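Chemist: My structure is in coords05.txt, and what it holds is compact mmCIF, C-alpha atoms:
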# COMPACT_ATOMS: atom_id res chain seq x y z
CA MET A 1 1.22 -14.04 13.68
CA GLU A 2 -2.02 -12.15 12.97
CA SER A 3 -0.92 -9.01 14.76
CA ALA A 4 2.38 -9.20 12.86
CA GLU A 5 0.34 -8.89 9.71
CA ILE A 6 -1.33 -5.80 11.09
CA VAL A 7 2.06 -4.34 12.05
CA ALA A 8 3.14 -4.59 8.42
CA HIS A 9 0.29 -2.24 7.50
CA ILE A 10 1.09 0.48 10.04
CA PRO A 11 3.26 2.65 7.72
CA ARG A 12 0.48 2.81 5.15
CA LEU A 13 -2.20 3.42 7.75
CA ARG A 14 -0.09 6.30 9.02
CA ARG A 15 0.30 7.75 5.54
CA TYR A 16 -3.43 7.64 4.91
CA ALA A 17 -4.24 9.02 8.36
CA ARG A 18 -1.80 11.90 7.87
CA ALA A 19 -3.52 12.88 4.65
CA LEU A 20 -6.96 12.40 6.13
CA ALA A 21 -6.49 14.14 9.46
CA GLY A 22 -3.73 16.58 8.58
CA ASP A 23 -1.98 17.11 11.87
CA SER A 24 0.55 14.34 12.59
CA HIS A 25 -0.35 13.92 16.24
CA ARG A 26 -4.03 13.58 15.45
CA ALA A 27 -3.18 11.23 12.61
CA ASP A 28 -1.28 8.91 14.95
CA ASP A 29 -4.14 9.07 17.44
CA LEU A 30 -6.36 7.90 14.61
CA VAL A 31 -3.97 5.07 13.75
CA GLN A 32 -3.73 4.04 17.38
CA ASP A 33 -7.51 3.94 17.84
CA THR A 34 -7.76 1.99 14.59
CA LEU A 35 -5.18 -0.56 15.71
CA GLU A 36 -6.84 -0.99 19.08
CA ARG A 37 -10.20 -1.55 17.46
CA ALA A 38 -8.71 -3.89 14.87
CA LEU A 39 -6.99 -6.01 17.51
CA ALA A 40 -10.18 -6.24 19.52
CA LYS A 41 -12.15 -7.31 16.47
CA PHE A 42 -9.54 -9.36 14.72
CA TYR A 43 -11.62 -12.51 15.07
CA LEU A 44 -14.14 -10.85 12.75
CA TRP A 45 -11.64 -10.56 9.95
CA ARG A 46 -12.04 -13.34 7.42
CA ARG A 47 -8.71 -14.93 6.64
CA GLY A 48 -7.99 -14.65 2.97
CA SER A 49 -9.91 -11.40 2.59
CA ASP A 50 -8.04 -8.15 2.15
CA LEU A 51 -6.64 -7.11 5.53
CA ARG A 52 -5.71 -3.65 4.32
CA ALA A 53 -9.24 -2.89 3.10
CA TRP A 54 -10.58 -4.14 6.41
CA LEU A 55 -8.20 -1.84 8.31
CA PHE A 56 -9.30 1.10 6.16
CA THR A 57 -12.92 0.24 6.98
CA ILE A 58 -12.14 0.39 10.67
CA MET A 59 -10.17 3.61 10.28
CA HIS A 60 -13.09 5.15 8.40
CA SER A 61 -15.56 4.48 11.20
CA VAL A 62 -13.11 5.54 13.90
CA PHE A 63 -12.43 8.77 12.04
CA ILE A 64 -16.10 9.58 11.52
CA ASN A 65 -16.77 8.92 15.20
CA GLN A 66 -13.90 11.20 16.19
CA LEU A 67 -15.24 13.96 13.97
CA LYS A 68 -18.71 13.54 15.37
CA ALA A 69 -17.32 13.76 18.86
CA ARG A 70 -15.55 16.98 17.93
CA ARG A 71 -18.59 18.23 16.01
CA GLU A 72 -16.39 18.81 13.02
CA LEU A 73 -18.59 17.07 10.50
CA ALA A 74 -21.07 19.91 10.64
CA LEU A 75 -18.29 22.38 9.99
CA ASP A 76 -17.55 20.80 6.65
CA ALA A 77 -20.59 22.35 5.04
CA ALA A 78 -19.52 25.77 6.24
CA VAL A 79 -16.16 25.30 4.58
CA GLU A 80 -17.76 26.01 1.25
CA ASP A 81 -18.45 29.61 2.09
CA GLY A 82 -14.81 30.17 2.86
CA LEU A 83 -13.60 29.05 -0.53
CA GLN A 84 -14.07 32.29 -2.38
CA SER A 85 -12.11 34.31 0.11
CA ALA A 86 -9.07 32.05 0.07
CA PRO A 87 -7.66 31.80 -3.44
CA GLN A 88 -4.38 29.96 -3.86
CA SER A 89 -1.88 31.86 -5.91
CA ASP A 90 0.52 29.03 -6.58
CA PRO A 91 -1.30 25.97 -7.90
CA LEU A 92 -0.05 22.56 -6.86
CA GLU A 93 2.36 23.84 -4.28
CA LEU A 94 2.61 20.78 -2.10
CA ARG A 95 2.12 22.56 1.17
CA ASP A 96 -1.04 24.09 -0.22
CA LEU A 97 -2.29 20.68 -1.17
CA ASP A 98 -2.53 19.68 2.47
CA ALA A 99 -4.52 22.82 3.23
CA ALA A 100 -6.68 22.26 0.16
CA LEU A 101 -7.54 18.74 1.30
CA ARG A 102 -8.91 20.17 4.55
CA LYS A 103 -11.38 22.11 2.41
CA LEU A 104 -12.86 18.97 0.96
CA PRO A 105 -15.83 17.35 2.66
CA VAL A 106 -14.70 14.28 4.53
CA GLU A 107 -16.53 11.83 2.30
CA GLN A 108 -14.87 13.24 -0.82
CA ARG A 109 -11.47 13.45 0.87
CA GLU A 110 -11.65 9.80 1.89
CA VAL A 111 -12.46 8.56 -1.60
CA LEU A 112 -9.89 10.83 -3.23
CA LEU A 113 -7.17 9.58 -0.88
CA LEU A 114 -8.06 5.91 -1.05
CA VAL A 115 -7.93 6.07 -4.84
CA GLY A 116 -5.18 8.59 -5.48
CA LEU A 117 -2.86 8.01 -2.56
CA GLU A 118 -3.55 4.44 -1.48
CA GLN A 119 -4.28 3.27 -5.03
CA LEU A 120 -7.18 1.06 -4.04
CA SER A 121 -9.44 -0.13 -6.83
CA TYR A 122 -12.91 1.43 -6.94
CA ALA A 123 -14.36 -1.89 -5.81
CA GLU A 124 -12.02 -1.94 -2.81
CA VAL A 125 -12.98 1.62 -1.90
CA SER A 126 -16.63 0.68 -2.18
CA LYS A 127 -16.04 -2.17 0.24
CA ALA A 128 -13.87 -0.21 2.64
CA LEU A 129 -16.38 2.63 2.97
CA SER A 130 -19.49 0.44 2.64
CA ILE A 131 -20.90 2.52 -0.19
CA PRO A 132 -21.91 1.50 -3.75
CA VAL A 133 -19.33 1.88 -6.51
CA GLY A 134 -21.56 4.52 -8.13
CA THR A 135 -21.26 6.62 -5.00
CA VAL A 136 -17.50 6.11 -5.01
CA MET A 137 -17.38 7.48 -8.54
CA SER A 138 -19.56 10.50 -7.86
CA ARG A 139 -17.58 11.40 -4.74
CA LEU A 140 -14.34 10.92 -6.62
CA SER A 141 -15.56 13.12 -9.44
CA ARG A 142 -16.77 15.88 -7.14
CA GLY A 143 -13.70 15.61 -4.93
CA ARG A 144 -11.32 15.95 -7.84
CA GLU A 145 -13.19 18.89 -9.31
CA ARG A 146 -13.30 20.56 -5.95
CA LEU A 147 -9.62 19.99 -5.26
CA ARG A 148 -8.80 21.42 -8.68
CA ALA A 149 -10.95 24.45 -7.98
CA VAL A 150 -9.47 25.03 -4.54
CA MET A 151 -5.93 24.65 -5.82
CA SER A 152 -6.46 27.03 -8.70
CA GLY A 153 -8.42 29.48 -6.58
CA THR A 154 -11.51 29.22 -8.74
CA ALA A 155 -14.71 30.05 -6.97
CA ALA A 156 -16.82 27.84 -9.20
CA VAL A 157 -16.84 25.26 -6.47
CA THR A 158 -19.43 27.11 -4.49
CA SER A 159 -22.04 26.00 -6.96
CA LEU A 160 -21.46 22.41 -5.92
CA LYS A 161 -23.66 21.52 -3.03
CA VAL A 162 -22.55 18.78 -0.74
CA VAL A 163 -25.23 16.37 0.24
CA LYS A 164 -24.78 14.87 3.65
CA MET B 165 -16.85 8.05 -28.10
CA SER B 166 -20.12 6.18 -27.81
CA ASN B 167 -20.87 4.82 -24.35
CA LEU B 168 -17.68 6.21 -22.91
CA THR B 169 -18.45 7.56 -19.45
CA GLU B 170 -16.74 9.86 -17.00
CA THR B 171 -16.11 6.77 -14.93
CA ASP B 172 -13.99 5.43 -17.79
CA LEU B 173 -11.95 8.62 -17.77
CA HIS B 174 -11.33 8.38 -14.02
CA ALA B 175 -10.48 4.70 -14.32
CA TYR B 176 -8.10 5.58 -17.16
CA ALA B 177 -6.38 8.26 -15.08
CA ASP B 178 -6.08 5.81 -12.18
CA GLY B 179 -4.76 2.96 -14.31
CA GLN B 180 -7.78 0.80 -13.47
CA LEU B 181 -8.88 -0.09 -17.01
CA ASP B 182 -8.25 -3.32 -18.84
CA ASP B 183 -6.34 -3.11 -22.12
CA VAL B 184 -9.40 -3.04 -24.34
CA ARG B 185 -11.08 -0.15 -22.59
CA ARG B 186 -7.79 1.67 -22.16
CA VAL B 187 -7.21 1.65 -25.90
CA ARG B 188 -10.76 2.91 -26.48
CA VAL B 189 -10.29 5.77 -24.04
CA GLU B 190 -6.99 6.69 -25.65
CA ALA B 191 -8.66 6.79 -29.04
CA HIS B 192 -11.30 9.09 -27.62
CA LEU B 193 -8.82 11.38 -25.88
CA ALA B 194 -7.00 11.95 -29.15
CA HIS B 195 -9.77 14.32 -30.19
CA ASP B 196 -11.20 15.51 -26.88
CA PRO B 197 -8.85 18.14 -25.44
CA ALA B 198 -11.14 18.89 -22.49
CA ALA B 199 -11.18 15.26 -21.37
CA THR B 200 -7.43 15.03 -21.93
CA GLU B 201 -6.97 18.04 -19.69
CA SER B 202 -9.16 16.51 -16.97
CA VAL B 203 -7.15 13.30 -17.05
CA ARG B 204 -3.93 15.29 -16.83
CA VAL B 205 -5.18 17.23 -13.80
CA TRP B 206 -6.39 14.10 -12.01
CA ARG B 207 -3.10 12.34 -12.56
CA GLU B 208 -1.26 15.39 -11.34
CA GLN B 209 -3.42 15.36 -8.21
CA ASN B 210 -2.61 11.69 -7.59
CA GLU B 211 1.09 12.32 -8.04
CA ALA B 212 1.05 15.38 -5.81
CA LEU B 213 -0.73 13.43 -3.05
CA ARG B 214 1.87 10.69 -3.16
CA ALA B 215 4.73 13.16 -3.29
CA LEU B 216 3.37 14.93 -0.24
CA TYR B 217 2.49 11.94 1.95
CA ASN B 218 4.79 9.12 0.86
CA PRO B 219 7.60 10.32 3.13
CA VAL B 220 5.41 9.16 6.06
CA LEU B 221 6.12 5.58 4.93
CA ASN B 222 9.78 5.98 5.74
CA GLU B 223 9.27 7.50 9.17
CA PRO B 224 9.96 5.20 12.10
CA VAL B 225 6.71 3.87 13.56
CA PRO B 226 6.08 5.48 16.96
CA GLN B 227 6.43 3.09 19.85
CA ARG B 228 2.93 3.81 21.10
CA LEU B 229 1.52 2.36 17.90
CA LEU B 230 3.59 -0.80 18.17
CA ALA B 231 2.37 -1.11 21.75
CA ALA B 232 -1.31 -0.76 20.80
CA ARG B 233 -3.59 -3.14 22.66
CA PRO B 234 -7.12 -4.32 21.93
CA SER B 235 -9.57 -1.64 23.01
CA ARG B 236 -11.93 -4.19 24.56
CA GLY B 237 -12.32 -7.91 24.87
CA ARG B 238 -12.23 -10.79 27.22
CA TRP B 239 -9.00 -12.26 25.98
CA PRO B 240 -5.74 -11.50 27.73
CA TYR B 241 -4.18 -8.42 26.27
CA TYR B 242 -1.26 -8.76 23.96
CA ALA B 243 0.77 -6.05 22.34
CA LEU B 244 1.33 -5.65 18.63
CA ALA B 245 5.06 -5.47 19.17
CA ALA B 246 4.89 -8.81 20.91
CA GLY B 247 3.04 -10.10 17.88
CA ALA B 248 5.71 -8.85 15.56
CA MET B 249 8.45 -10.43 17.59
CA GLY B 250 6.25 -13.40 18.34
CA VAL B 251 6.73 -14.74 14.86
CA SER B 252 10.43 -15.24 15.22
CA PHE B 253 10.02 -16.21 18.83
CA ALA B 254 7.47 -18.84 17.99
CA LEU B 255 9.67 -20.13 15.20
CA GLY B 256 12.56 -20.59 17.57
CA TRP B 257 10.39 -22.17 20.21
CA MET B 258 8.77 -24.59 17.87
CA SER B 259 12.00 -25.65 16.33
CA GLN B 260 13.41 -26.33 19.79
CA SER B 261 10.38 -28.21 20.98
CA TYR B 262 9.24 -30.14 18.00
CA ARG B 263 12.11 -29.96 15.60
CA THR B 264 9.67 -28.92 12.97
CA ASP B 265 11.64 -25.85 11.98
CA ARG B 266 11.63 -27.05 8.44
CA PHE B 267 7.87 -27.01 8.40
CA VAL B 268 7.46 -23.73 10.24
CA GLU B 269 10.11 -21.91 8.32
CA ALA B 270 8.67 -23.17 5.08
CA ALA B 271 5.35 -21.64 6.10
CA ALA B 272 6.77 -18.35 7.39
CA LEU B 273 9.01 -17.49 4.44
CA PRO B 274 6.33 -17.13 1.76
CA ARG B 275 4.00 -15.35 4.18
CA ARG B 276 6.61 -12.77 5.09
CA ALA B 277 7.64 -12.36 1.49
CA ALA B 278 4.03 -11.85 0.42
CA VAL B 279 3.41 -9.25 3.13
CA ALA B 280 6.56 -7.37 2.11
CA TYR B 281 5.42 -7.55 -1.50
CA ALA B 282 1.96 -6.27 -0.64
CA VAL B 283 3.41 -3.32 1.25
CA TYR B 284 6.00 -2.15 -1.26
CA ALA B 285 4.92 -3.32 -4.72
CA PRO B 286 2.10 -0.72 -4.99
CA GLU B 287 4.47 2.11 -4.12
CA VAL B 288 4.79 4.62 -6.92
CA ARG B 289 7.40 6.98 -5.53
CA HIS B 290 9.33 4.90 -3.04
CA PRO B 291 9.20 1.29 -4.17
CA VAL B 292 12.89 0.86 -3.36
CA GLU B 293 15.57 2.48 -1.22
CA VAL B 294 18.34 2.18 -3.76
CA GLY B 295 17.56 2.26 -7.45
CA ALA B 296 18.85 0.00 -10.20
CA ASP B 297 21.02 2.86 -11.46
CA GLN B 298 23.24 2.15 -8.45
CA GLN B 299 23.14 -1.61 -8.80
CA ASP B 300 26.73 -2.21 -7.69
CA HIS B 301 26.24 -0.20 -4.56
CA LEU B 302 22.89 -1.89 -3.93
CA VAL B 303 24.32 -5.39 -4.16
CA LYS B 304 27.37 -4.55 -2.04
CA TRP B 305 25.25 -2.88 0.60
CA LEU B 306 22.68 -5.66 0.92
CA SER B 307 25.37 -8.36 0.75
CA LYS B 308 27.16 -6.67 3.61
CA ARG B 309 24.05 -6.37 5.72
CA LEU B 310 23.10 -10.01 5.17
CA GLY B 311 26.69 -11.16 5.58
CA ASN B 312 26.43 -13.17 2.39
CA GLU B 313 27.30 -12.43 -1.17
CA LEU B 314 24.02 -11.81 -2.95
CA LYS B 315 23.39 -12.11 -6.65
CA VAL B 316 20.77 -10.18 -8.51
CA PRO B 317 19.14 -12.24 -11.26
CA LEU B 318 18.86 -10.68 -14.69
CA LEU B 319 15.27 -10.99 -15.91
CA THR B 320 15.19 -8.74 -18.95
CA GLN B 321 14.49 -11.70 -21.22
CA GLN B 322 11.40 -12.38 -19.14
CA GLY B 323 10.40 -8.74 -19.60
CA PHE B 324 11.34 -7.60 -16.10
CA ASP B 325 13.82 -4.84 -15.35
CA LEU B 326 15.36 -4.28 -11.95
CA VAL B 327 13.79 -1.31 -10.14
CA GLY B 328 16.13 -1.55 -7.15
CA GLY B 329 16.10 -2.93 -3.65
CA ARG B 330 15.60 -2.27 0.00
CA LEU B 331 16.54 -3.62 3.39
CA LEU B 332 13.74 -4.94 5.62
CA PRO B 333 13.54 -6.31 9.14
CA GLY B 334 13.03 -10.06 9.17
CA GLY B 335 12.40 -12.60 11.90
CA LYS B 336 16.09 -13.40 12.19
CA GLY B 337 17.80 -10.22 11.12
CA PRO B 338 17.92 -8.22 7.94
CA VAL B 339 16.16 -9.20 4.77
CA ALA B 340 16.85 -7.95 1.26
CA GLN B 341 14.06 -7.22 -1.18
CA PHE B 342 14.79 -6.74 -4.88
CA MET B 343 12.02 -5.35 -7.04
CA TYR B 344 11.46 -5.81 -10.76
CA GLN B 345 8.92 -4.33 -13.07
CA ASP B 346 7.74 -5.15 -16.58
CA ALA B 347 6.60 -2.77 -19.32
CA LYS B 348 3.02 -2.86 -18.04
CA GLY B 349 4.08 -1.84 -14.55
CA GLN B 350 3.53 -5.35 -13.16
CA ARG B 351 5.94 -5.88 -10.29
CA ILE B 352 7.60 -8.88 -8.75
CA THR B 353 9.93 -9.04 -5.77
CA LEU B 354 12.74 -11.36 -4.78
CA TYR B 355 12.90 -11.63 -1.01
CA VAL B 356 16.17 -12.94 0.40
CA SER B 357 16.36 -13.79 4.08
CA LEU B 358 19.09 -15.19 6.26
CA ARG B 359 18.59 -18.45 8.13
CA GLU B 360 20.22 -19.26 11.42
CA ALA B 361 19.59 -22.97 11.35
CA GLU B 362 22.13 -25.33 9.82
CA PRO B 363 22.64 -24.85 6.10
CA ARG B 364 20.53 -27.07 3.91
CA ASP B 365 18.52 -26.93 0.76
CA THR B 366 14.89 -27.41 -0.02
CA ALA B 367 13.07 -27.96 -3.22
CA PHE B 368 11.19 -25.35 -5.09
CA ARG B 369 7.77 -24.75 -3.53
CA PHE B 370 4.66 -22.74 -4.22
CA SER B 371 2.33 -20.88 -1.89
CA GLN B 372 -0.69 -18.70 -2.64
CA GLU B 373 -0.85 -15.91 -0.04
CA ASP B 374 -4.15 -14.11 -0.64
CA LYS B 375 -3.66 -12.41 -4.01
CA VAL B 376 0.09 -12.87 -4.04
CA ALA B 377 1.65 -15.95 -5.58
CA VAL B 378 5.00 -17.00 -4.10
CA PHE B 379 7.62 -19.49 -5.23
CA TYR B 380 10.25 -20.13 -2.58
CA TRP B 381 13.21 -22.29 -1.73
CA ILE B 382 16.06 -22.49 0.73
CA ASP B 383 19.61 -22.60 -0.49
CA GLY B 384 22.12 -23.13 2.30
CA LYS B 385 22.04 -20.11 4.57
CA LEU B 386 19.61 -18.12 2.47
CA GLY B 387 15.88 -18.40 1.93
CA TYR B 388 14.53 -17.02 -1.34
CA ALA B 389 10.97 -16.10 -2.23
CA LEU B 390 9.78 -14.69 -5.54
CA SER B 391 6.41 -12.96 -5.17
CA GLY B 392 4.02 -11.47 -7.67
CA GLU B 393 0.36 -10.70 -8.07
CA MET B 394 0.00 -12.92 -11.11
CA ASP B 395 -1.07 -16.41 -11.99
CA ARG B 396 1.01 -19.35 -10.94
CA ALA B 397 2.15 -20.37 -14.42
CA SER B 398 3.47 -16.90 -15.34
CA LEU B 399 5.30 -16.55 -12.05
CA LEU B 400 6.68 -20.06 -12.35
CA ALA B 401 8.31 -19.17 -15.67
CA VAL B 402 10.16 -16.29 -14.01
CA ALA B 403 10.90 -18.19 -10.81
CA THR B 404 12.51 -21.00 -12.78
CA VAL B 405 14.89 -18.52 -14.39
CA VAL B 406 15.71 -16.95 -11.03
CA TYR B 407 16.33 -20.34 -9.48
CA ARG B 408 18.62 -21.39 -12.33
CA GLN B 409 20.60 -18.17 -12.24
CA LEU B 410 21.12 -18.42 -8.49
CA ASN B 411 21.90 -22.12 -8.58
CA PRO B 412 23.97 -22.52 -11.73
Would you write out, as structure tokens, the structure that this file holds?
Modeler:
Amino acid sequence: MESAEIVAHIPRLRRYARALAGDSHRADDLVQDTLERALAKFYLWRRGSDLRAWLFTIMHSVFINQLKARRELALDAAVEDGLQSAPQSDPLELRDLDAALRKLPVEQREVLLLVGLEQLSYAEVSKALSIPVGTVMSRLSRGRERLRAVMSGTAAVTSLKVVK
Amino acid sequence: MSNLTETDLHAYADGQLDDVRRVRVEAHLAHDPAATESVRVWREQNEALRALYNPVLNEPVPQRLLAARPSRGRWPYYALAAGAMGVSFALGWMSQSYRTDRFVEAAALPRRAAVAYAVYAPEVRHPVEVGADQQDHLVKWLSKRLGNELKVPLLTQQGFDLVGGRLLPGGKGPVAQFMYQDAKGQRITLYVSLREAEPRDTAFRFSQEDKVAVFYWIDGKLGYALSGEMDRASLLAVATVVYRQLNP
């Protein structure tokens, strides 16, 4: 019965993973690792608490570990330098949006997606990522500004420094 | 205006404010074009994200995900797919062994309905497969798939308009889900599933499944569950109307 509940969440986990990781194969790898971890730790989930938020928490740590293993977290900071040279001519073209998301630091991308795509409340995001609500808000604010800048090709973003 | 923060603006754009604060932000936006523009951009970003990634929801789930197994642990491995099927399997087994199918089914119906509600009610772009504008087609299609003539309750007097419906997999075959929405965007779903056991009726029952309240009953071959993320009394008022319309 419990794993049936997890199954019901797979489509949404896949949607979030696709937005987070970009490539569909890598996204499904992320979902698979998340499911495996969730099944192994299911006894830790408190019945009655939000299963979806718990699954997002697991996906978050799996994703960060995958990035660390690929040494891609460090690359995120370097992304900033590339912004100026890659202006987008057609704002809000959907296919550009996916590329623009890749230019956001992971921690901003996660918050932006959990709020904007998954429509979690700020409190749920705070719980899922184990960060204070204030941090959720500052990441959301910076993420949105940055996405706007990337999509409109403004270089103003480079003045924003990302604190790791 | 005074003590209005950027957080309020974000929460406004994301629909996360209560009525009082929402009205205050709206009053402020009326004479703050820059803030209004920010809100517009943020909402556009949200919509663009959903437009781009929502189609993933309708993709078939790859088999390797359904076959995922625990990464570690001392317990015997079991597959997710087995878990998904296990529900219906266990239902059948228990009814054979203990003849408690009434009890088990009564427990499974609201749970399944609540899970289906939790998955689809928050959907902005794809809450339903067939919209209310094609209501005749919707009812014919779902009636055909369930092999029973379905009726769609009219809930406009209760403030709820039909959004549409979709077909879902259930423990014992197809399930129909009708979705309604009120002026505030609050959604409720009517989940209609087919029973294989002998036709019978049950009384009106209530179950609280996490945040989702569910009223459910069995009417002959069909099990009904009305789900909503609202308090019991408000949902009861709607459920009573649904029940009366379906059981005139």
Chemist: Just to confirm, what's the straight-line distance from CA of Glu313 in chain B to CA of Tyr388 in chain B in Å (one decimal)?
Modeler: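 Answer for the CA of Glu313 in chain B to CA of Tyr388 in chain B separation: 13.6 Å.
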Chemist: Please, which residues in chain A fall within 7 Å of chain B when counting all atoms listed in the file, and what is the closest atom pair and distance in Å to one decimal for each, ordered by chain then residue number, as a tab-separated table?
Modeler:
residue	atom	partner	partner_atom	distance
A:Met1	CA	B:Val251	CA	5.7
A:Ser3	CA	B:Gly247	CA	5.2
A:Ala4	CA	B:Ala248	CA	4.3
A:Val7	CA	B:Leu244	CA	6.7
A:Pro11	CA	B:Leu221	CA	5.0
A:Arg12	CA	B:Leu221	CA	6.3
A:Arg14	CA	B:Val220	CA	6.9
A:Arg15	CA	B:Val220	CA	5.3
A:Ala19	CA	B:Tyr217	CA	6.7
A:Gln32	CA	B:Leu229	CA	5.5
A:Leu35	CA	B:Ala232	CA	6.4
A:Glu36	CA	B:Pro234	CA	4.4
A:Arg37	CA	B:Ser235	CA	5.6
A:Leu39	CA	B:Pro234	CA	4.7
A:Ala40	CA	B:Pro234	CA	4.3
A:Gly48	CA	B:Asp374	CA	5.3
A:Leu94	CA	B:Leu216	CA	6.2
A:Gly116	CA	B:Asn210	CA	4.5
A:Leu117	CA	B:Arg214	CA	5.5
A:Ser121	CA	B:Gln180	CA	6.9
A:Met137	CA	B:Thr171	CA	6.6
A:Arg144	CA	B:Trp206	CA	6.7
Chemist: Take the residues just selected and output them with C-alpha atoms as a PDB file, keeping the file's coordinate frame.
Modeler:
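Written output follows (out22.pdb):
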ATOM      1  CA  MET A   1       1.220 -14.040  13.680  1.00  0.00           C
ATOM      2  CA  SER A   3      -0.920  -9.010  14.760  1.00  0.00           C
ATOM      3  CA  ALA A   4       2.380  -9.200  12.860  1.00  0.00           C
ATOM      4  CA  VAL A   7       2.060  -4.340  12.050  1.00  0.00           C
ATOM      5  CA  PRO A  11       3.260   2.650   7.720  1.00  0.00           C
ATOM      6  CA  ARG A  12       0.480   2.810   5.150  1.00  0.00           C
ATOM      7  CA  ARG A  14      -0.090   6.300   9.020  1.00  0.00           C
ATOM      8  CA  ARG A  15       0.300   7.750   5.540  1.00  0.00           C
ATOM      9  CA  ALA A  19      -3.520  12.880   4.650  1.00  0.00           C
ATOM     10  CA  GLN A  32      -3.730   4.040  17.380  1.00  0.00           C
ATOM     11  CA  LEU A  35      -5.180  -0.560  15.710  1.00  0.00           C
ATOM     12  CA  GLU A  36      -6.840  -0.990  19.080  1.00  0.00           C
ATOM     13  CA  ARG A  37     -10.200  -1.550  17.460  1.00  0.00           C
ATOM     14  CA  LEU A  39      -6.990  -6.010  17.510  1.00  0.00           C
ATOM     15  CA  ALA A  40     -10.180  -6.240  19.520  1.00  0.00           C
ATOM     16  CA  GLY A  48      -7.990 -14.650   2.970  1.00  0.00           C
ATOM     17  CA  LEU A  94       2.610  20.780  -2.100  1.00  0.00           C
ATOM     18  CA  GLY A 116      -5.180   8.590  -5.480  1.00  0.00           C
ATOM     19  CA  LEU A 117      -2.860   8.010  -2.560  1.00  0.00           C
ATOM     20  CA  SER A 121      -9.440  -0.130  -6.830  1.00  0.00           C
ATOM     21  CA  MET A 137     -17.380   7.480  -8.540  1.00  0.00           C
ATOM     22  CA  ARG A 144     -11.320  15.950  -7.840  1.00  0.00           C
TER      23      ARG A 144
END
Chemist: Might I get the box with edges along x, y and z of the file that holds all atoms of range 187-200 of chain B listed there, padded by 6 Å on every side, given as centre and edge lengths in Å to one decimal, as AutoDock Vina command-line options?
Modeler:
--center_x -9.1 --center_y 10.3 --center_z -25.8 --size_x 16.3 --size_y 29.2 --size_z 20.8
Chemist: For a test of reading the model, state the distance in Å between CA of Leu302 in chain B and CA of Gly329 in chain B, rounded to one decimal.
Modeler: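 Pair CA of Leu302 in chain B / CA of Gly329 in chain B returns 6.9 Å.
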Chemist: Show me, as a short mmCIF file (atom, residue, chain, number, x, y, z; two decimals) with C-alpha atoms, in the frame of the given file, the residues that have an atom within 8 Å of Thr353 in chain B when counting all atoms listed in the file, minus same-chain residues fewer than 5 positions from it.
Modeler:
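Wrote it out as around.cif, contents follow:
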data_model
loop_
_atom_site.label_atom_id
_atom_site.label_comp_id
_atom_site.auth_asym_id
_atom_site.auth_seq_id
_atom_site.Cartn_x
_atom_site.Cartn_y
_atom_site.Cartn_z
CA TYR B 281 5.42 -7.55 -1.50
CA ALA B 285 4.92 -3.32 -4.72
CA GLN B 341 14.06 -7.22 -1.18
CA PHE B 342 14.79 -6.74 -4.88
CA MET B 343 12.02 -5.35 -7.04
CA TYR B 344 11.46 -5.81 -10.76
CA ALA B 389 10.97 -16.10 -2.23
CA LEU B 390 9.78 -14.69 -5.54
CA SER B 391 6.41 -12.96 -5.17
CA GLY B 392 4.02 -11.47 -7.67
#
Chemist: Between A:Gln119, A:Val125, A:Met151, A:Ser138, which is the closest to Leu55 in chain A once you count all atoms listed in the file?
Modeler: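 Among the listed residues, A:Val125 lies closest to Leu55 in chain A.
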Chemist: From the set B:His290, B:Arg204, B:Arg396, B:Arg185, which residue has the shortest atom-to-atom contact distance to Arg330 in chain B, counting all atoms listed in the file?
Modeler: B:His290
Chemist: Just want the 7 Å neighbourhood of range 28-31 of chain A, counted on only C-alpha atoms, with same-chain residues fewer than 6 positions away dropped. Output as a ChimeraX atom specification.
Modeler: /A:13-14,17,63
Chemist: Rounded to one decimal place, report the CA of Leu114 in chain A-CA of Asp183 in chain B distance in Å.
Modeler: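 Going from CA of Leu114 in chain A over to CA of Asp183 in chain B, I get 23.0 Å.
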Chemist: Determine, counting all atoms listed in the file, which protein, DNA and RNA residues have an atom within 7 Å of an atom of range 104-113 of chain A; residues of the same chain fewer than 2 positions away are not included. Present the result as a PyMOL selection string.
Modeler: chain A and resi 20+76+101-102+115-118+125+136+139-140+143
Chemist: For range 142-148 of chain A, supply N, CA and C atoms and report the output as an mmCIF file, keeping the file's coordinate frame.
Modeler:
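Saved the output as rebuild.cif:
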data_model
loop_
_atom_site.group_PDB
_atom_site.id
_atom_site.type_symbol
_atom_site.label_atom_id
_atom_site.label_comp_id
_atom_site.auth_asym_id
_atom_site.auth_seq_id
_atom_site.Cartn_x
_atom_site.Cartn_y
_atom_site.Cartn_z
ATOM 1 N N ARG A 142 -16.574 14.588 -7.801
ATOM 2 C CA ARG A 142 -16.770 15.880 -7.140
ATOM 3 C C ARG A 142 -15.529 16.289 -6.356
ATOM 4 N N GLY A 143 -14.909 15.312 -5.718
ATOM 5 C CA GLY A 143 -13.700 15.610 -4.930
ATOM 6 C C GLY A 143 -12.573 16.141 -5.803
ATOM 7 N N ARG A 144 -12.407 15.523 -6.959
ATOM 8 C CA ARG A 144 -11.320 15.950 -7.840
ATOM 9 C C ARG A 144 -11.590 17.350 -8.396
ATOM 10 N N GLU A 145 -12.844 17.579 -8.765
ATOM 11 C CA GLU A 145 -13.190 18.890 -9.310
ATOM 12 C C GLU A 145 -13.002 19.958 -8.227
ATOM 13 N N ARG A 146 -13.398 19.613 -7.041
ATOM 14 C CA ARG A 146 -13.300 20.560 -5.950
ATOM 15 C C ARG A 146 -11.836 20.848 -5.597
ATOM 16 N N LEU A 147 -11.042 19.789 -5.575
ATOM 17 C CA LEU A 147 -9.620 19.990 -5.260
ATOM 18 C C LEU A 147 -8.978 20.875 -6.334
ATOM 19 N N ARG A 148 -9.339 20.609 -7.589
ATOM 20 C CA ARG A 148 -8.800 21.420 -8.680
ATOM 21 C C ARG A 148 -9.192 22.885 -8.491
#
